[in-house]
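So this one's protein_34.txt, compact mmCIF, C-alpha atoms:
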```txt
# COMPACT_ATOMS: atom_id res chain seq x y z
CA MET A 497 -16.21 -2.61 -1.44
CA LEU A 498 -16.31 -0.13 1.46
CA LYS A 499 -12.70 -1.04 2.29
CA LEU A 500 -11.70 -0.29 -1.29
CA PHE A 501 -13.56 3.04 -1.23
CA TRP A 502 -11.83 3.98 2.04
CA GLU A 503 -8.45 2.99 0.59
CA LYS A 504 -9.04 5.23 -2.43
CA LEU A 505 -9.99 8.12 -0.15
CA LEU A 506 -6.77 7.75 1.79
CA ILE A 507 -4.60 8.13 -1.32
CA THR A 508 -6.29 11.38 -2.39
CA ILE A 509 -4.42 14.56 -1.53
CA TRP A 510 -7.53 16.46 -0.43
CA PHE A 511 -9.30 14.06 1.97
CA VAL A 512 -7.16 14.29 5.12
CA PRO A 513 -6.52 18.07 4.75
CA ALA A 514 -10.25 18.62 4.22
CA ILE A 515 -11.07 16.75 7.45
CA ILE A 516 -8.49 18.74 9.44
CA ALA A 517 -9.52 22.06 7.89
CA THR A 518 -13.20 21.41 8.58
CA GLY A 519 -12.38 20.53 12.17
CA LEU A 520 -10.45 23.76 12.69
CA VAL A 521 -13.25 25.86 11.19
CA MET A 522 -15.72 24.18 13.56
CA THR A 523 -13.26 24.85 16.38
CA ALA A 524 -13.20 28.53 15.44
CA ILE A 525 -17.00 28.72 15.58
CA GLY A 526 -17.05 26.94 18.93
CA LEU A 527 -14.34 29.14 20.49
CA LEU A 528 -16.05 32.31 19.27
CA SER A 529 -19.21 31.14 21.04
CA LEU A 530 -17.16 30.35 24.14
CA ASP A 531 -15.64 33.85 24.12
CA ARG A 532 -19.14 35.32 24.31
CA TYR A 533 -19.94 33.54 27.57
CA VAL A 534 -16.54 33.37 29.29
CA ASP A 535 -14.95 36.53 30.61
CA VAL A 536 -11.19 36.17 30.44
CA HIS A 537 -10.50 39.87 30.77
CA ASN A 538 -8.99 39.47 34.24
CA TRP A 539 -7.12 36.22 33.59
CA PRO A 540 -3.33 36.31 34.05
CA GLY A 541 -1.65 37.29 30.80
CA ALA A 542 -4.93 38.23 29.08
CA ASP A 543 -3.85 41.86 28.84
CA VAL A 544 -1.20 40.86 26.28
CA LEU A 545 -3.90 40.15 23.68
CA GLN A 546 -6.05 43.18 24.50
CA ILE A 547 -4.79 45.20 21.54
CA GLY A 548 -8.12 46.52 20.38
CA THR A 549 -10.27 45.61 17.40
CA SER A 550 -8.00 47.20 14.81
CA GLY A 551 -4.87 45.55 16.19
CA THR A 552 -6.56 42.15 16.40
CA ARG A 553 -7.78 42.36 12.82
CA GLN A 554 -4.31 43.34 11.64
CA LEU A 555 -2.76 40.45 13.58
CA LEU A 556 -5.19 37.94 12.10
CA ALA A 557 -4.69 39.32 8.58
CA VAL A 558 -0.90 39.05 8.85
CA THR A 559 -0.96 35.48 10.21
CA ALA A 560 -3.55 34.35 7.63
CA SER A 561 -1.60 35.80 4.69
CA ALA A 562 1.66 34.30 5.98
CA ILE A 563 0.11 30.86 6.43
CA ILE A 564 -1.45 30.79 2.96
CA SER A 565 1.93 31.79 1.48
CA VAL A 566 3.61 28.93 3.34
CA THR A 567 0.86 26.60 2.12
CA GLY A 568 1.75 27.47 -1.47
CA VAL A 569 5.40 26.69 -0.76
CA VAL A 570 4.47 23.32 0.76
CA PHE A 571 2.34 22.40 -2.25
CA SER A 572 5.17 23.39 -4.59
CA ILE A 573 7.71 21.30 -2.66
CA SER A 574 5.31 18.35 -2.73
CA VAL A 575 4.93 18.53 -6.50
CA VAL A 576 8.70 18.80 -7.00
CA ALA A 577 9.32 15.83 -4.69
CA LEU A 578 6.73 13.71 -6.50
CA THR A 579 8.26 14.64 -9.87
CA LEU A 580 11.79 13.74 -8.76
CA ALA A 581 10.64 10.46 -7.23
CA ALA A 582 8.69 9.47 -10.35
CA ASN A 583 11.63 10.27 -12.63
CA GLN A 584 14.14 8.39 -10.51
CA PHE A 585 12.15 5.38 -9.28
CA GLY A 586 9.15 5.12 -11.59
CA SER A 587 5.59 6.33 -11.40
CA LYS A 588 4.32 3.27 -9.52
CA ILE A 589 5.94 4.37 -6.28
CA LEU A 590 3.84 7.58 -6.29
CA TYR A 591 1.09 5.49 -4.71
CA ASN A 592 3.18 5.22 -1.55
CA PHE A 593 3.75 8.98 -1.45
CA LEU A 594 0.06 9.70 -1.91
CA ARG A 595 -0.84 7.18 0.78
CA ASP A 596 1.48 8.79 3.33
CA THR A 597 -0.59 10.81 5.83
CA LYS A 598 2.24 12.84 7.39
CA THR A 599 2.47 15.35 4.56
CA LYS A 600 -1.31 15.54 4.35
CA ILE A 601 -1.53 16.37 8.07
CA VAL A 602 0.87 19.28 7.56
CA LEU A 603 -1.15 20.51 4.57
CA GLY A 604 -4.36 20.16 6.59
CA LEU A 605 -2.85 22.13 9.47
CA LEU A 606 -1.80 24.96 7.15
CA VAL A 607 -5.08 25.16 5.25
CA GLY A 608 -7.09 24.78 8.45
CA SER A 609 -5.11 27.52 10.23
CA PHE A 610 -5.73 29.85 7.30
CA LEU A 611 -9.47 29.17 7.34
CA TYR A 612 -9.50 29.50 11.14
CA GLY A 613 -7.99 32.97 10.81
CA LEU A 614 -10.52 33.93 8.13
CA ALA A 615 -13.37 32.82 10.37
CA LEU A 616 -12.10 35.04 13.17
CA LEU A 617 -11.55 37.96 10.79
CA SER A 618 -15.09 37.63 9.50
CA PHE A 619 -16.51 37.70 13.02
CA ILE A 620 -14.57 40.71 14.22
CA ASP A 621 -15.08 42.68 11.01
CA THR A 622 -18.82 42.13 11.07
CA HIS A 623 -19.77 42.31 14.74
CA ALA A 624 -16.98 43.73 16.83
CA THR A 625 -16.61 47.42 17.76
CA SER A 626 -13.93 49.14 19.71
CA SER A 627 -16.08 48.95 22.84
CA GLN A 628 -16.63 45.21 22.65
CA GLN A 629 -14.36 42.62 24.19
CA ILE A 630 -11.97 40.93 21.76
CA PRO A 631 -12.33 37.10 21.54
CA ILE A 632 -9.11 36.50 23.46
CA ILE A 633 -9.37 32.70 23.60
CA SER A 634 -9.93 32.44 19.83
CA VAL A 635 -7.08 34.82 19.05
CA ALA A 636 -4.73 32.93 21.40
CA VAL A 637 -5.55 29.67 19.65
CA ASN A 638 -4.87 31.36 16.30
CA LEU A 639 -1.39 32.31 17.51
CA LEU A 640 -0.85 28.75 18.70
CA LEU A 641 -1.89 27.41 15.28
CA THR A 642 0.55 29.83 13.63
CA VAL A 643 3.39 28.47 15.74
CA LEU A 644 2.33 24.89 14.98
CA SER A 645 2.24 25.74 11.27
CA ILE A 646 5.84 26.96 11.39
CA ILE A 647 6.88 23.79 13.21
CA GLY A 648 4.93 21.79 10.62
CA LEU A 649 6.77 23.54 7.78
CA ILE A 650 10.17 22.70 9.31
CA TYR A 651 9.11 19.09 9.83
CA PHE A 652 7.73 18.89 6.29
CA ILE A 653 11.00 20.07 4.71
CA HIS A 654 12.96 17.57 6.84
CA TYR A 655 10.54 14.74 6.06
CA ILE A 656 10.52 15.34 2.30
CA SER A 657 14.31 15.61 2.12
CA THR A 658 14.69 12.21 3.82
CA THR A 659 11.75 10.48 2.16
CA ILE A 660 12.96 10.91 -1.43
CA GLN A 661 16.20 9.08 -0.63
CA ALA A 662 16.38 5.69 -2.33
CA ASP A 663 16.95 3.64 0.83
CA GLN A 664 14.05 5.38 2.59
CA ILE A 665 11.62 4.74 -0.27
CA ILE A 666 12.70 1.10 -0.58
CA SER A 667 12.34 0.47 3.15
CA LEU A 668 8.91 2.16 3.19
CA ILE A 669 7.62 -0.11 0.43
CA GLY A 670 9.23 -3.12 2.08
CA GLU A 671 7.55 -2.39 5.42
CA GLU A 672 4.17 -1.98 3.72
CA LEU A 673 4.71 -5.32 1.98
CA ASN A 674 5.47 -6.96 5.33
CA GLU A 675 2.31 -5.44 6.81
CA ALA A 676 0.26 -6.83 3.91
CA ILE A 677 1.81 -10.27 4.49
CA GLU A 678 0.87 -10.21 8.18
CA GLU A 679 -2.70 -9.20 7.34
CA SER A 680 -3.23 -11.66 4.48
CA LEU A 681 -1.37 -14.84 5.44
CA LEU A 682 -1.86 -17.36 8.22
CA ASP A 683 0.53 -18.62 10.86
CA LEU A 684 2.01 -22.05 10.26
CA ASP A 685 0.26 -23.47 13.32
CA GLU A 686 -3.15 -22.43 11.94
CA GLN A 687 -4.90 -25.30 10.21
CA CYS A 688 -5.07 -25.00 6.45
CA MET A 689 -6.98 -28.01 5.08
CA THR A 690 -6.52 -27.18 1.41
CA ASP A 691 -6.41 -30.81 0.21
CA PHE A 692 -9.56 -31.74 2.15
CA LEU A 693 -11.45 -28.70 0.83
CA LYS A 694 -10.30 -29.48 -2.71
CA GLN A 695 -11.70 -32.99 -2.48
CA ARG A 696 -15.06 -31.66 -1.28
CA TRP A 697 -15.06 -29.09 -4.09
CA ASP A 698 -14.34 -31.74 -6.72
CA ILE A 699 -17.16 -33.90 -5.38
CA ALA A 700 -19.59 -30.97 -5.26
CA VAL A 701 -19.04 -29.81 -8.85
CA HIS A 702 -18.60 -33.26 -10.39
CA ALA A 703 -20.84 -33.70 -13.45
CA MET A 704 -22.59 -30.37 -12.80
CA PRO A 705 -23.31 -28.12 -15.79
CA SER A 706 -21.36 -24.87 -15.85
CA GLU A 707 -21.68 -21.41 -17.35
CA THR A 708 -19.05 -18.73 -17.79
CA VAL A 709 -19.62 -15.13 -16.73
CA LEU A 710 -17.93 -12.59 -19.02
CA ALA A 711 -16.49 -9.24 -18.01
CA ALA A 712 -18.59 -6.18 -18.76
CA GLY A 713 -15.53 -3.94 -19.14
CA SER A 714 -11.75 -3.80 -19.17
CA GLY A 715 -9.32 -2.91 -16.40
CA TYR A 716 -7.25 -4.17 -13.51
CA VAL A 717 -8.94 -6.21 -10.80
CA GLU A 718 -8.79 -3.97 -7.73
CA PHE A 719 -10.84 -6.04 -5.32
CA VAL A 720 -12.87 -9.24 -5.26
CA ASP A 721 -15.62 -9.41 -2.63
CA VAL A 722 -15.39 -13.16 -2.01
CA ASP A 723 -17.66 -12.99 1.06
CA LYS A 724 -20.47 -11.52 -1.03
CA LEU A 725 -19.83 -14.09 -3.77
CA ASN A 726 -20.09 -16.80 -1.14
CA LYS A 727 -23.47 -15.49 0.07
CA ILE A 728 -24.81 -15.25 -3.49
CA ALA A 729 -23.66 -18.80 -4.24
CA GLU A 730 -25.37 -20.06 -1.09
CA SER A 731 -28.65 -18.25 -1.80
CA GLU A 732 -28.69 -19.41 -5.45
CA ASN A 733 -27.44 -22.94 -4.64
CA GLN A 734 -24.44 -22.50 -6.94
CA HIS A 735 -20.70 -23.13 -6.88
CA LEU A 736 -18.44 -20.36 -8.16
CA GLU A 737 -14.91 -20.62 -9.52
CA LEU A 738 -12.97 -17.36 -9.81
CA LEU A 739 -10.79 -17.23 -12.92
CA LEU A 740 -8.81 -14.18 -11.80
CA ARG A 741 -7.30 -12.56 -8.72
CA PRO A 742 -6.57 -8.97 -7.63
CA GLY A 743 -3.96 -7.44 -9.92
CA ASP A 744 -4.98 -9.31 -13.08
CA PHE A 745 -5.88 -7.30 -16.16
CA VAL A 746 -9.29 -8.14 -17.60
CA ILE A 747 -10.35 -7.60 -21.20
CA GLU A 748 -13.99 -6.90 -21.97
CA HIS A 749 -15.98 -10.10 -22.68
CA SER A 750 -13.21 -12.30 -21.25
CA PRO A 751 -14.23 -15.01 -18.72
CA ILE A 752 -14.03 -13.96 -15.08
CA LEU A 753 -16.22 -16.53 -13.33
CA ARG A 754 -17.42 -20.07 -13.86
CA ILE A 755 -20.76 -21.02 -12.33
CA TYR A 756 -21.69 -24.62 -11.51
CA TYR A 757 -25.44 -24.83 -11.08
CA ASP A 758 -28.48 -27.08 -10.75
CA GLU A 759 -31.05 -24.53 -11.93
CA GLU A 760 -31.09 -22.04 -14.79
CA ILE A 761 -29.09 -18.86 -14.19
CA SER A 762 -30.69 -15.49 -14.82
CA GLU A 763 -28.85 -12.52 -16.31
CA ALA A 764 -29.68 -10.57 -13.14
CA CYS A 765 -27.67 -13.11 -11.15
CA ASN A 766 -24.72 -12.66 -13.51
CA ASP A 767 -24.91 -8.89 -13.02
CA LYS A 768 -24.83 -9.34 -9.25
CA LEU A 769 -21.75 -11.50 -9.57
CA ARG A 770 -20.00 -8.94 -11.80
CA LEU A 771 -20.57 -6.24 -9.17
CA CYS A 772 -18.52 -8.28 -6.70
CA ILE A 773 -15.44 -7.76 -8.87
CA SER A 774 -14.16 -4.19 -8.92
CA LEU A 775 -12.22 -3.11 -12.02
CA GLY A 776 -10.05 0.01 -12.16
CA ARG A 777 -7.44 1.80 -14.23
CA LYS A 778 -4.43 0.67 -12.20
CA ARG A 779 -3.25 -1.97 -9.77
CA THR A 780 -3.44 -1.27 -6.05
CA PRO A 781 -1.81 -3.06 -3.07
CA PHE A 782 -5.28 -3.66 -1.62
CA SER A 783 -5.59 -7.48 -1.44
CA ASP A 784 -2.68 -7.72 -3.90
CA ILE A 785 0.63 -8.73 -2.34
CA GLU A 786 2.17 -9.12 -5.78
CA PHE A 787 1.74 -5.39 -6.43
CA ALA A 788 4.08 -4.40 -3.59
CA ILE A 789 6.62 -6.95 -4.87
CA MET A 790 6.34 -5.38 -8.33
CA GLN A 791 6.96 -1.91 -6.87
CA LEU A 792 10.30 -3.00 -5.41
CA LEU A 793 11.07 -4.86 -8.62
CA GLN A 794 10.46 -1.74 -10.68
CA ILE A 795 13.02 0.20 -8.64
CA ALA A 796 15.52 -2.67 -8.88
CA LEU A 797 15.10 -3.10 -12.63
CA ARG A 798 15.42 0.64 -13.28
CA ALA A 799 18.59 0.64 -11.20
CA LEU A 800 19.96 -2.25 -13.29
CA SER A 801 19.20 -0.56 -16.60
CA PRO A 802 22.27 0.50 -18.67
CA GLY A 803 21.35 4.16 -18.36
CA ILE A 804 21.47 4.12 -14.55
CA ASN A 805 23.57 1.05 -13.63
CA ASP A 806 23.10 1.43 -9.85
CA SER A 807 23.79 -2.04 -8.46
CA LEU A 808 23.66 -0.94 -4.81
CA THR A 809 20.07 0.32 -5.14
CA ALA A 810 19.09 -2.97 -6.78
CA ILE A 811 20.74 -4.88 -3.91
CA ALA A 812 18.77 -2.81 -1.38
CA CYS A 813 15.54 -3.81 -3.16
CA ILE A 814 16.60 -7.46 -3.15
CA ASP A 815 17.32 -7.27 0.59
CA TRP A 816 13.82 -6.00 1.39
CA LEU A 817 12.27 -8.52 -0.98
CA SER A 818 14.21 -11.27 0.78
CA ALA A 819 12.89 -10.03 4.14
CA SER A 820 9.34 -10.33 2.81
CA LEU A 821 9.94 -13.77 1.30
CA GLY A 822 11.48 -14.88 4.58
CA ARG A 823 8.32 -13.79 6.35
CA MET A 824 6.19 -15.61 3.78
CA ALA A 825 8.32 -18.73 4.25
CA ASN A 826 7.03 -18.93 7.82
CA LYS A 827 3.38 -18.51 6.87
CA ASN A 828 0.55 -20.53 5.40
CA PHE A 829 -1.24 -19.04 2.43
CA PRO A 830 -5.06 -18.90 2.79
CA PRO A 831 -6.95 -21.82 1.23
CA GLU A 832 -8.42 -21.28 -2.19
CA TYR A 833 -11.81 -22.66 -1.13
CA LEU A 834 -14.54 -20.98 0.90
CA GLU A 835 -17.37 -22.64 2.79
CA ASP A 836 -20.80 -21.17 3.32
CA SER A 837 -22.65 -20.98 6.64
CA ASN A 838 -23.72 -24.61 6.27
CA GLY A 839 -20.20 -25.91 5.65
CA VAL A 840 -20.68 -26.41 1.91
CA VAL A 841 -17.70 -25.45 -0.27
CA ARG A 842 -19.13 -22.73 -2.50
CA VAL A 843 -16.27 -20.63 -3.90
CA LYS A 844 -12.93 -21.54 -5.42
CA LYS A 845 -10.53 -18.60 -5.61
CA ARG A 846 -7.52 -18.20 -7.86
CA GLY A 847 -4.88 -18.07 -5.18
CA PHE A 848 -1.42 -16.58 -4.84
CA CYS A 849 1.12 -18.95 -3.30
CA PHE A 850 4.74 -18.85 -2.18
CA THR A 851 5.94 -20.22 -5.52
CA ASP A 852 4.17 -17.36 -7.31
CA ALA A 853 5.88 -14.82 -5.05
CA VAL A 854 9.31 -16.41 -5.62
CA ASP A 855 8.75 -16.50 -9.39
CA THR A 856 7.58 -12.87 -9.42
CA MET A 857 10.78 -11.79 -7.69
CA PHE A 858 13.53 -13.96 -9.15
CA HIS A 859 12.54 -14.41 -12.80
CA PRO A 860 12.78 -10.70 -13.78
CA LEU A 861 15.90 -10.17 -11.68
CA ARG A 862 17.72 -13.16 -13.13
CA GLN A 863 16.82 -12.09 -16.65
CA ASN A 864 18.29 -8.61 -16.05
CA VAL A 865 21.51 -9.43 -14.18
CA THR A 866 23.12 -11.74 -16.71
CA THR A 867 26.13 -9.39 -16.96
CA ASN A 868 26.20 -8.13 -13.37
CA GLU A 869 28.29 -10.42 -11.19
CA MET A 870 27.69 -8.44 -7.98
CA VAL A 871 23.90 -8.68 -8.13
CA MET A 872 23.93 -12.31 -9.29
CA ILE A 873 26.09 -13.30 -6.31
CA HIS A 874 23.75 -11.36 -4.02
CA LEU A 875 20.76 -13.23 -5.44
CA LEU A 876 22.35 -16.56 -4.50
CA GLU A 877 23.22 -15.25 -1.04
CA THR A 878 19.64 -14.06 -0.67
CA ILE A 879 18.30 -17.51 -1.52
CA SER A 880 20.64 -19.01 1.08
CA ARG A 881 19.30 -16.66 3.76
CA ILE A 882 15.68 -17.42 2.95
CA LEU A 883 16.37 -21.17 2.90
CA GLN A 884 17.69 -20.91 6.45
CA VAL A 885 14.36 -19.57 7.73
CA SER A 886 12.02 -21.59 5.48
CA ARG A 887 9.94 -24.12 7.39
CA LYS A 888 8.09 -25.86 4.58
CA SER A 889 9.59 -28.33 2.12
CA GLN A 890 7.78 -27.03 -0.96
CA TYR A 891 8.90 -23.49 -0.15
CA SER A 892 12.55 -24.62 -0.08
CA ASP A 893 12.09 -26.49 -3.35
CA ALA A 894 10.76 -23.35 -5.06
CA LEU A 895 13.72 -21.30 -3.79
CA PHE A 896 16.41 -23.80 -4.76
CA ASN A 897 14.87 -24.14 -8.22
CA HIS A 898 15.76 -20.49 -8.83
CA ALA A 899 19.27 -21.03 -7.50
CA GLU A 900 19.72 -23.70 -10.17
CA LEU A 901 18.36 -21.35 -12.83
CA ILE A 902 20.79 -18.63 -11.72
CA ILE A 903 23.85 -20.89 -11.84
CA LYS A 904 22.78 -22.16 -15.25
CA SER A 905 22.41 -18.60 -16.53
CA SER A 906 25.82 -17.64 -15.12
CA LYS A 907 27.52 -20.48 -17.00
CA GLU A 908 26.04 -19.17 -20.23
CA HIS A 909 27.03 -15.51 -19.73
CA PHE A 910 30.13 -15.35 -17.50
CA ARG A 911 33.25 -16.41 -19.39
CA ASN A 912 35.68 -14.97 -16.83
CA SER A 913 36.92 -17.87 -14.68
CA SER A 914 37.16 -15.72 -11.55
CA ASP A 915 33.56 -14.54 -11.87
CA ALA A 916 32.29 -18.03 -12.56
CA GLU A 917 34.22 -19.41 -9.58
CA GLU A 918 32.75 -16.85 -7.16
CA ILE A 919 29.23 -17.56 -8.34
CA ALA A 920 29.84 -21.32 -8.12
CA LYS A 921 30.98 -20.93 -4.49
CA ARG A 922 27.73 -19.14 -3.59
CA PHE A 923 25.71 -21.83 -5.32
CA GLU A 924 27.53 -24.61 -3.47
CA LYS A 925 26.82 -22.87 -0.17
CA CYS A 926 23.16 -22.50 -1.17
CA GLN A 927 23.01 -26.17 -2.15
CA ALA A 928 24.52 -27.25 1.18
CA ILE A 929 21.99 -25.18 3.15
CA TYR A 930 19.16 -26.60 1.04
CA LYS A 931 20.22 -30.20 1.75
CA ASN A 932 20.75 -29.55 5.46
CA THR A 933 17.41 -27.80 5.98
CA LYS A 934 15.30 -30.27 3.96
CA THR A 935 15.26 -32.69 6.90
CA GLY A 936 12.67 -31.82 9.50
CA LEU A 937 10.74 -29.33 7.34
CA VAL A 938 6.97 -29.29 7.24
CA GLY A 939 5.66 -31.05 4.14
```

Mind turning the file's structure into structure tokens?
Amino acid sequence: MLKLFWEKLLITIWFVPAIIATGLVMTAIGLLSLDRYVDVHNWPGADVLQIGTSGTRQLLAVTASAIISVTGVVFSISVVALTLAANQFGSKILYNFLRDTKTKIVLGLLVGSFLYGLALLSFIDTHATSSQQIPIISVAVNLLLTVLSIIGLIYFIHYISTTIQADQIISLIGEELNEAIEESLLDLDEQCMTDFLKQRWDIAVHAMPSETVLAAGSGYVEFVDVDKLNKIAESENQHLELLLRPGDFVIEHSPILRIYYDEEISEACNDKLRLCISLGRKRTPFSDIEFAIMQLLQIALRALSPGINDSLTAIACIDWLSASLGRMANKNFPPEYLEDSNGVVRVKKRGFCFTDAVDTMFHPLRQNVTTNEMVMIHLLETISRILQVSRKSQYSDALFNHAELIIKSSKEHFRNSSDAEEIAKRFEKCQAIYKNTKTGLVG
């Protein structure tokens, strides 16, 4: 749950700027204290900043007012960029913008520099007189922060102008999906004894009475704390079967867990189990690979809609989805069963497998490209590429099944002989690769 809380903090606009701004205010307090004890009056170049109390206050006031004006511009540009991105690509991709820390660092630098200048102004206005030494170190750092703020503004404008481009957004989501795959899935050489664990689970729950835990509210499953569920099951001598996974939508009073038990189950135990499943208003990519796939799909499907009809953007989405599926095709998915500290299988999860990922990608695309020859051909070429890197037989079977569905759909919708012939050529190539790569694959 702490990971989920941290993830939610990272997507807020205020968290990173607040940390940076607080740090700069603390820096101002520390440098003002340092100026009291360090005499820099005779340092080389120090005479440049010895402009008197009035001049220093005026300098700080000008820089602070300029920085806060720039901050307003940056906030305005951010809102405009978010609006344009949401209108063009859909509101779901706003999560990726909000999660990006680069813009937040610039905002934090601007807000922090403004507060830093206010802190210095407050000190000089309250305590300084014309006979006192000006805090030269603090003022010099203020000038440095002003320069950094200008550089940050230039970088921000450049970054926003490149980020809202379609290819940039698609690649960003694709890279985040690949990172999630690396974090969630196992290498092929790592042992994954799913069949053995399933047998032990079946033996453990055989003929045991069961009870269903119902949801206390409605919402999307954001996170399931399976480790905590495992500990509860061990302490209560129970076996738990999850009936959902991150990303599922839960209706109040619908079943979420099935408990296999030897002793009576208290309502307090059911409440503890419910707390291990976090429900929210929207899906998040946290522990939900399917969500990132759906983000790319949303962009592709909007591009294929009659009102937009942008086949090249849809093809870019398919390319990044194929890169992710190719990475999955060289991975083992985590087993659905968890053991406790004593080696007893306690929890059965509702898993997400390669077939689910392939279905999530290809079903919606096939259903929306029935009149688009270019994208349909690209789908078959994509399947061919993934088949070439797939190292498990069942993965190849799932991919080729969609190739057969695509060719079947094309025969129903493409009456032009030239179009049908081109699609048939891609399917024959896909079929040849499938047959050639089936030998020697891992079962």

For a test of reading the model, state the distance in Å between atom CA of Gln927 of chain A and atom CA of Leu797 of chain A, rounded to one decimal.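 Computed distance, atom CA of Gln927 of chain A to atom CA of Leu797 of chain A, equals 26.5 Å.
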
Please identify all polymer residues within 6 Å of Leu753 of chain A, counting all atoms listed in the file, omitting same-chain residues fewer than 6 positions from it, and present them as number ranges by chain. A: 708-709, 737-739

Take the residues just selected and output them with C-alpha atoms as a PDB file, keeping the file's coordinate frame.
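The file below, part38.pdb, is the result:
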```pdb
ATOM      1  CA  THR A 708     -19.050 -18.730 -17.790  1.00  0.00           C
ATOM      2  CA  VAL A 709     -19.620 -15.130 -16.730  1.00  0.00           C
ATOM      3  CA  GLU A 737     -14.910 -20.620  -9.520  1.00  0.00           C
ATOM      4  CA  LEU A 738     -12.970 -17.360  -9.810  1.00  0.00           C
ATOM      5  CA  LEU A 739     -10.790 -17.230 -12.920  1.00  0.00           C
TER       6      LEU A 739
END
```

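Atom pair atom CA of Gly670 of chain A / atom CA of Ile814 of chain A: separated by 10.0 Å.
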
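Near segment 897-909 of chain A, within 9 Å and counting all atoms listed in the file, sit Val854, Asp855, Phe858, His859, Arg862, Gln863, Thr866, Thr867, Glu869, Met872, Leu875, Leu876, Ile879, Ser880, Ser892, Asp893, Ala894, Asp915, Ala916, Ile919, Ala920, Phe923, Cys926 and Gln927 of chain A, not including residues fewer than 3 positions from it in the same chain.
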
With distances taken over only C-alpha atoms, which residue among A:Ser529, A:Lys925, A:Tyr833, A:Lys504 lies nearest Lys694 of chain A?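 Answer, going by the shortest atom-to-atom distance: A:Tyr833.
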
Atom pair atom CA of Lys931 of chain A / atom CA of Lys827 of chain A: separation (Å): 21.1 Å

For Leu640 of chain A, list every protein, DNA or RNA residue within 12 Å, evaluated using all atoms listed in the file, and leave out those in the same chain fewer than 5 positions away; present the list as a ChimeraX atom specification. /A:559,605,609,612-613,633-635,645-647

Which residue of A:Trp816, A:Phe745, A:Phe719, A:Phe896 approaches Ile929 of chain A most closely, using all atoms listed in the file: A:Phe896

Starting from 8 Å padding per side, set up an axis-aligned box that covers all listed atoms of segment 754-769 of chain A and hand over centre and edge lengths in Å, one decimal, as JSON.
```
{"center_x": -24.3, "center_y": -18.0, "center_z": -12.8, "size_x": 29.7, "size_y": 34.2, "size_z": 23.1}
```
